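To keep things clear, I will list the structure first and then write my remarks on it.
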Amino acid sequence: MSTNKTIKMTEGSIGKTMLRFILPLIGTSIFQQLYNTTDFLFVGNLLGKTSAAAVGASSTLVTCCIGLFSGIAVGTSVVIAQSIGAGEPDKADKALHSSMVFGIIGGLVLMIFGILFTPSILGLLHTPETVMEQAVLYIRIYFLSLPASILYNMGGGALRACGDSQTPFRILVVCGFINVIGDFLFIQIIPLGVAGVAIATIISQWLSLGMILICLRQDGRPIRLSRKKLTMDREIVKRVLRIGLPSGIQTIVITFSNVMVQYYINGFGETAVAAFATYYKVENFIYLLIMAFGQAATTFSGQNTGAGQFLRIKKGTGMAAGMGAGVTLCIAGAILLFPELVFGWFMKDSDVVASTMTIAMVSFPFYWIYPIMEVTGGALRGMGYSISSMVIILASLCGIRIGLLAVFNRSFHSLSAIAAVYPITWAVAAVSFVILFLIIMRRKNERNR
């Protein structure tokens, strides 16, 4: 793989550097979402409301299980980016190999855990009996892809830390189309129901892992994967965990708060469960775009932290937050102009579409707040302030959100009230992140004078 795919974040025009790095990330996000969206399109339109609710009820549990190792992947990415920025490629290489070993062990453990305990967990979440059987079947098969998903995220994060956002994008373009073909094959040609949807996802995710491992073994970057180097360096692992573990806990906390949302949604019945599942499929398109800006901020901040360029971090973070908010406003606004068309594409049931529109009308007007939160949080993690970021998330997206859920559900007991919890807690987190970021920037700049 040629070196021209890597971008050095510590020099040149900030705007051009950001755009060159972000655009492939946005493409990657779109095709990442294609995995789940095509699943839901086939399920919602061909298998019906009950199957759609089964897939929707399963998604939060899957996210929760991989959340911890997604955080470890962030830690790996930050350590690699900081090492590259500081001119220490050996440390970057050790971080890659140590994290891959950690991911192999953790992925296998999580896979076994998920297969064994899925029925009990879905029962605790008050999953409706009408969808329980299909939900258990779907998620047990899906869990066979967890090791691949975890290792792919770590490998992709390592490539992005080097400034290479093109390779993960190209891999997901290929695997996204394979996922679509698999959905069609296992639902229309070989009618396997929700099991077929999960099988298609397994095939595409294991293929994406294989492709990224091949890329990591090629020359042309500061890091190169080798089987002989697959050991865990204690000091590097400690550094990765110091940054990654709080990020993983943060991801789990956000997912746990979403589990609580799912708990309250399940109390409204099958139509509400399918409505929120439909809403999440559309929302995830925007969310993954926002994540692209957050990932860019983390890599940009990580490399420039290693190089000691904190003024550049401040400018780049502000630029990424502004771009993210602008893109989000445009997309959310377009969806609100044509909600029946957008949501009706995912679900034909008119009652489900109507409920989905109710949810979107409450949350989408305020979705521009989310990229501000994601970008500033990403920049802080890139500088190594993972624990501070975790505390803010614990307080706002877990503590305050769960409290508001209980109060709003008791006082209003409506889908719109449940949906209102989201923008309120986004705003609290965003303001907290911005204040912390500005305080840290001022201290860093004072030290460098």
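Numbering starts fresh at 1 for the residues of each chain in the structure tokens, the chains themselves are lettered A, B, ... in the order given, and ligands are numbered from 1 as they appear.
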
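The shell of residues at most 7 Å from range 317-324 of chain A, with only C-alpha atoms counted and near chain neighbours (fewer than 2 positions) removed, consists of Ile290, Phe293, Ala297, Ile313, Lys314, Lys315, Gly326, Val327, Thr328, Pro371, Ile372, Val375, Thr376 and Ala379 of chain A.
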
Using the selection just defined, write its residues with N, CA and C atoms as a CSV table (one decimal), in the first residue's frame.
```csv
chain,number,residue,atom,x,y,z
A,290,ILE,N,-21.6,12.0,11.8
A,290,ILE,CA,-21.0,12.8,12.9
A,290,ILE,C,-19.8,12.1,13.5
A,293,PHE,N,-16.6,12.9,11.8
A,293,PHE,CA,-15.9,14.2,12.2
A,293,PHE,C,-15.3,13.9,13.6
A,297,ALA,N,-11.3,14.3,14.4
A,297,ALA,CA,-10.8,15.1,15.5
A,297,ALA,C,-9.8,14.4,16.4
A,313,ILE,N,-4.5,22.2,17.3
A,313,ILE,CA,-5.6,21.3,17.8
A,313,ILE,C,-6.8,22.2,18.0
A,314,LYS,N,-6.7,23.3,18.6
A,314,LYS,CA,-7.8,24.2,18.8
A,314,LYS,C,-8.5,24.6,17.6
A,315,LYS,N,-7.7,25.0,16.6
A,315,LYS,CA,-8.2,25.5,15.3
A,315,LYS,C,-8.9,24.3,14.6
A,326,GLY,N,-22.9,21.9,10.5
A,326,GLY,CA,-23.5,22.4,9.2
A,326,GLY,C,-24.1,21.2,8.4
A,327,VAL,N,-23.3,20.1,8.3
A,327,VAL,CA,-23.8,19.0,7.5
A,327,VAL,C,-25.0,18.3,8.2
A,328,THR,N,-25.0,18.3,9.5
A,328,THR,CA,-26.1,17.7,10.2
A,328,THR,C,-27.4,18.5,10.1
A,371,PRO,N,-22.8,16.8,16.8
A,371,PRO,CA,-21.4,16.9,16.3
A,371,PRO,C,-20.5,17.8,17.2
A,372,ILE,N,-21.1,18.8,17.8
A,372,ILE,CA,-20.3,19.6,18.7
A,372,ILE,C,-19.8,18.8,19.9
A,375,VAL,N,-17.2,16.0,18.4
A,375,VAL,CA,-15.9,16.5,18.0
A,375,VAL,C,-15.0,16.9,19.1
A,376,THR,N,-15.6,17.7,20.1
A,376,THR,CA,-14.8,18.2,21.2
A,376,THR,C,-14.4,17.0,22.1
A,379,ALA,N,-11.6,15.2,20.3
A,379,ALA,CA,-10.3,16.0,20.5
A,379,ALA,C,-9.7,15.7,21.9
```

Please produce, as a tab-separated table, a per-residue contact table for range 193-302 of chain A versus range 60-80 of chain A (criterion: any atom at most 9 Å away, only C-alpha atoms considered), showing the nearest atom pair and its distance in Å to one decimal, sorted by chain then residue number.
```
residue	atom	partner	partner_atom	distance
A:Ile223	CA	A:Ile80	CA	8.7
A:Ile236	CA	A:Val79	CA	8.4
A:Val237	CA	A:Thr76	CA	8.8
A:Arg239	CA	A:Val79	CA	7.4
A:Val240	CA	A:Gly75	CA	4.7
A:Leu241	CA	A:Gly75	CA	6.4
A:Arg242	CA	A:Gly75	CA	7.6
A:Ile243	CA	A:Gly75	CA	4.8
A:Gly244	CA	A:Gly75	CA	3.7
A:Leu245	CA	A:Ile72	CA	5.9
A:Pro246	CA	A:Gly71	CA	7.2
A:Ser247	CA	A:Gly71	CA	4.5
A:Gly248	CA	A:Gly71	CA	3.5
A:Ile249	CA	A:Leu68	CA	6.0
A:Gln250	CA	A:Gly71	CA	7.8
A:Thr251	CA	A:Gly67	CA	5.2
A:Ile252	CA	A:Gly67	CA	5.3
A:Val253	CA	A:Cys64	CA	8.4
A:Ile254	CA	A:Cys64	CA	8.6
A:Thr255	CA	A:Cys64	CA	5.4
A:Phe256	CA	A:Cys64	CA	7.0
A:Asn258	CA	A:Thr60	CA	7.0
A:Val259	CA	A:Thr60	CA	6.3
A:Gln262	CA	A:Thr60	CA	8.0
A:Gln295	CA	A:Val74	CA	8.9
A:Thr298	CA	A:Val78	CA	7.0
A:Thr299	CA	A:Val78	CA	6.7
A:Ser301	CA	A:Val78	CA	8.6
A:Gly302	CA	A:Val78	CA	5.5
```

Selected residue of minimal separation from Phe143 in chain A among A:Gly107, A:Pro339, A:Gly182, A:Gly210, counting only C-alpha atoms: A:Gly107

Expressed in Å to a single decimal, how great is the separation between CA of Ala200 in chain A and CA of Val180 in chain A?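 It comes out at 7.9 Å.
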
List as a VMD selection string the protein and nucleic acid residues near Gln82 in chain A, meaning an atom at most 12 Å away when only C-alpha atoms are counted, but skip any in the same chain fewer than 5 places from it. chain A and resid 8 to 10 75 to 77 87 to 92 95 158 161 to 163 239 to 240 243 298 to 309 381 to 384

For the residues in the current selection, export N, CA and C atoms as an mmCIF file, in the first residue's frame.
```cif
data_model
loop_
_atom_site.group_PDB
_atom_site.id
_atom_site.type_symbol
_atom_site.label_atom_id
_atom_site.label_comp_id
_atom_site.auth_asym_id
_atom_site.auth_seq_id
_atom_site.Cartn_x
_atom_site.Cartn_y
_atom_site.Cartn_z
ATOM 1 N N LYS A 8 -0.382 13.341 6.873
ATOM 2 C CA LYS A 8 0.304 13.863 8.047
ATOM 3 C C LYS A 8 -0.485 15.050 8.576
ATOM 4 N N MET A 9 -0.996 14.906 9.811
ATOM 5 C CA MET A 9 -1.898 15.901 10.381
ATOM 6 C C MET A 9 -1.178 17.084 11.018
ATOM 7 N N THR A 10 0.125 16.989 11.148
ATOM 8 C CA THR A 10 0.867 18.001 11.910
ATOM 9 C C THR A 10 1.394 19.149 11.060
ATOM 10 N N GLY A 75 -8.422 3.685 22.121
ATOM 11 C CA GLY A 75 -7.147 3.784 22.828
ATOM 12 C C GLY A 75 -5.975 3.413 21.937
ATOM 13 N N THR A 76 -6.142 2.353 21.166
ATOM 14 C CA THR A 76 -5.105 1.946 20.215
ATOM 15 C C THR A 76 -4.826 3.049 19.207
ATOM 16 N N SER A 77 -5.899 3.609 18.661
ATOM 17 C CA SER A 77 -5.765 4.662 17.651
ATOM 18 C C SER A 77 -5.051 5.886 18.210
ATOM 19 N N GLY A 87 7.170 10.920 16.447
ATOM 20 C CA GLY A 87 8.284 10.287 15.739
ATOM 21 C C GLY A 87 8.764 9.009 16.388
ATOM 22 N N GLU A 88 7.818 8.195 16.942
ATOM 23 C CA GLU A 88 8.164 6.939 17.616
ATOM 24 C C GLU A 88 7.404 5.768 16.977
ATOM 25 N N PRO A 89 7.771 5.355 15.769
ATOM 26 C CA PRO A 89 7.039 4.293 15.071
ATOM 27 C C PRO A 89 7.095 2.936 15.775
ATOM 28 N N ASP A 90 8.149 2.658 16.542
ATOM 29 C CA ASP A 90 8.239 1.378 17.251
ATOM 30 C C ASP A 90 7.109 1.223 18.264
ATOM 31 N N LYS A 91 6.810 2.307 18.984
ATOM 32 C CA LYS A 91 5.712 2.266 19.954
ATOM 33 C C LYS A 91 4.365 2.103 19.249
ATOM 34 N N ALA A 92 4.229 2.746 18.098
ATOM 35 C CA ALA A 92 2.997 2.605 17.319
ATOM 36 C C ALA A 92 2.806 1.154 16.886
ATOM 37 N N ALA A 95 1.735 -1.009 19.811
ATOM 38 C CA ALA A 95 0.334 -0.762 20.159
ATOM 39 C C ALA A 95 -0.595 -1.557 19.248
ATOM 40 N N ALA A 158 -6.319 1.659 13.605
ATOM 41 C CA ALA A 158 -4.866 1.768 13.440
ATOM 42 C C ALA A 158 -4.513 2.443 12.116
ATOM 43 N N ALA A 161 -5.268 6.113 12.375
ATOM 44 C CA ALA A 161 -4.269 6.797 13.201
ATOM 45 C C ALA A 161 -3.040 7.173 12.382
ATOM 46 N N CYS A 162 -2.756 6.389 11.342
ATOM 47 C CA CYS A 162 -1.635 6.695 10.443
ATOM 48 C C CYS A 162 -2.000 7.780 9.432
ATOM 49 N N GLY A 163 -3.273 8.173 9.412
ATOM 50 C CA GLY A 163 -3.724 9.150 8.430
ATOM 51 C C GLY A 163 -4.306 8.516 7.182
ATOM 52 N N ARG A 239 -0.950 1.767 28.617
ATOM 53 C CA ARG A 239 -1.213 3.073 28.003
ATOM 54 C C ARG A 239 -2.485 3.042 27.159
ATOM 55 N N VAL A 240 -2.648 1.962 26.387
ATOM 56 C CA VAL A 240 -3.857 1.813 25.570
ATOM 57 C C VAL A 240 -5.096 1.741 26.450
ATOM 58 N N ILE A 243 -6.322 5.018 28.096
ATOM 59 C CA ILE A 243 -7.125 5.854 27.207
ATOM 60 C C ILE A 243 -8.370 5.111 26.737
ATOM 61 N N THR A 298 -10.150 13.073 16.686
ATOM 62 C CA THR A 298 -9.296 12.247 17.540
ATOM 63 C C THR A 298 -7.922 12.028 16.910
ATOM 64 N N THR A 299 -7.894 11.657 15.636
ATOM 65 C CA THR A 299 -6.617 11.435 14.950
ATOM 66 C C THR A 299 -5.825 12.729 14.833
ATOM 67 N N PHE A 300 -6.494 13.804 14.444
ATOM 68 C CA PHE A 300 -5.851 15.115 14.305
ATOM 69 C C PHE A 300 -5.261 15.558 15.642
ATOM 70 N N SER A 301 -6.061 15.428 16.690
ATOM 71 C CA SER A 301 -5.613 15.817 18.025
ATOM 72 C C SER A 301 -4.475 14.923 18.511
ATOM 73 N N GLY A 302 -4.576 13.609 18.244
ATOM 74 C CA GLY A 302 -3.547 12.676 18.694
ATOM 75 C C GLY A 302 -2.192 12.957 18.074
ATOM 76 N N GLN A 303 -2.163 13.102 16.743
ATOM 77 C CA GLN A 303 -0.880 13.368 16.081
ATOM 78 C C GLN A 303 -0.290 14.705 16.523
ATOM 79 N N ASN A 304 -1.138 15.730 16.642
ATOM 80 C CA ASN A 304 -0.630 17.051 17.019
ATOM 81 C C ASN A 304 -0.265 17.135 18.497
ATOM 82 N N THR A 305 -0.882 16.289 19.344
ATOM 83 C CA THR A 305 -0.450 16.201 20.740
ATOM 84 C C THR A 305 0.962 15.633 20.804
ATOM 85 N N GLY A 306 1.215 14.576 20.029
ATOM 86 C CA GLY A 306 2.562 14.009 19.981
ATOM 87 C C GLY A 306 3.594 15.019 19.513
ATOM 88 N N ALA A 307 3.173 15.916 18.600
ATOM 89 C CA ALA A 307 4.086 16.937 18.073
ATOM 90 C C ALA A 307 4.086 18.215 18.906
ATOM 91 N N GLY A 308 3.211 18.296 19.934
ATOM 92 C CA GLY A 308 3.155 19.470 20.807
ATOM 93 C C GLY A 308 2.518 20.699 20.178
ATOM 94 N N GLN A 309 1.652 20.527 19.174
ATOM 95 C CA GLN A 309 1.040 21.656 18.470
ATOM 96 C C GLN A 309 -0.411 21.848 18.935
ATOM 97 N N ARG A 381 -10.125 13.093 23.783
ATOM 98 C CA ARG A 381 -9.587 11.733 23.833
ATOM 99 C C ARG A 381 -8.261 11.647 23.087
ATOM 100 N N GLY A 382 -8.155 12.358 21.972
ATOM 101 C CA GLY A 382 -6.904 12.362 21.221
ATOM 102 C C GLY A 382 -5.745 12.931 22.018
ATOM 103 N N MET A 383 -6.046 13.865 22.926
ATOM 104 C CA MET A 383 -5.007 14.439 23.786
ATOM 105 C C MET A 383 -4.735 13.568 25.007
ATOM 106 N N GLY A 384 -5.571 12.542 25.213
ATOM 107 C CA GLY A 384 -5.369 11.638 26.341
ATOM 108 C C GLY A 384 -6.304 11.865 27.511
#
```

For CA of Ser208 in chain A and CA of Gly85 in chain A, determine how far apart the two atoms are, in Å to one decimal place. 28.0 Å

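If only C-alpha atoms are the atoms counted, then among A:Leu185, A:Ile440, A:Ile435, A:Leu397 the closest residue to Tyr385 in chain A is A:Ile440.
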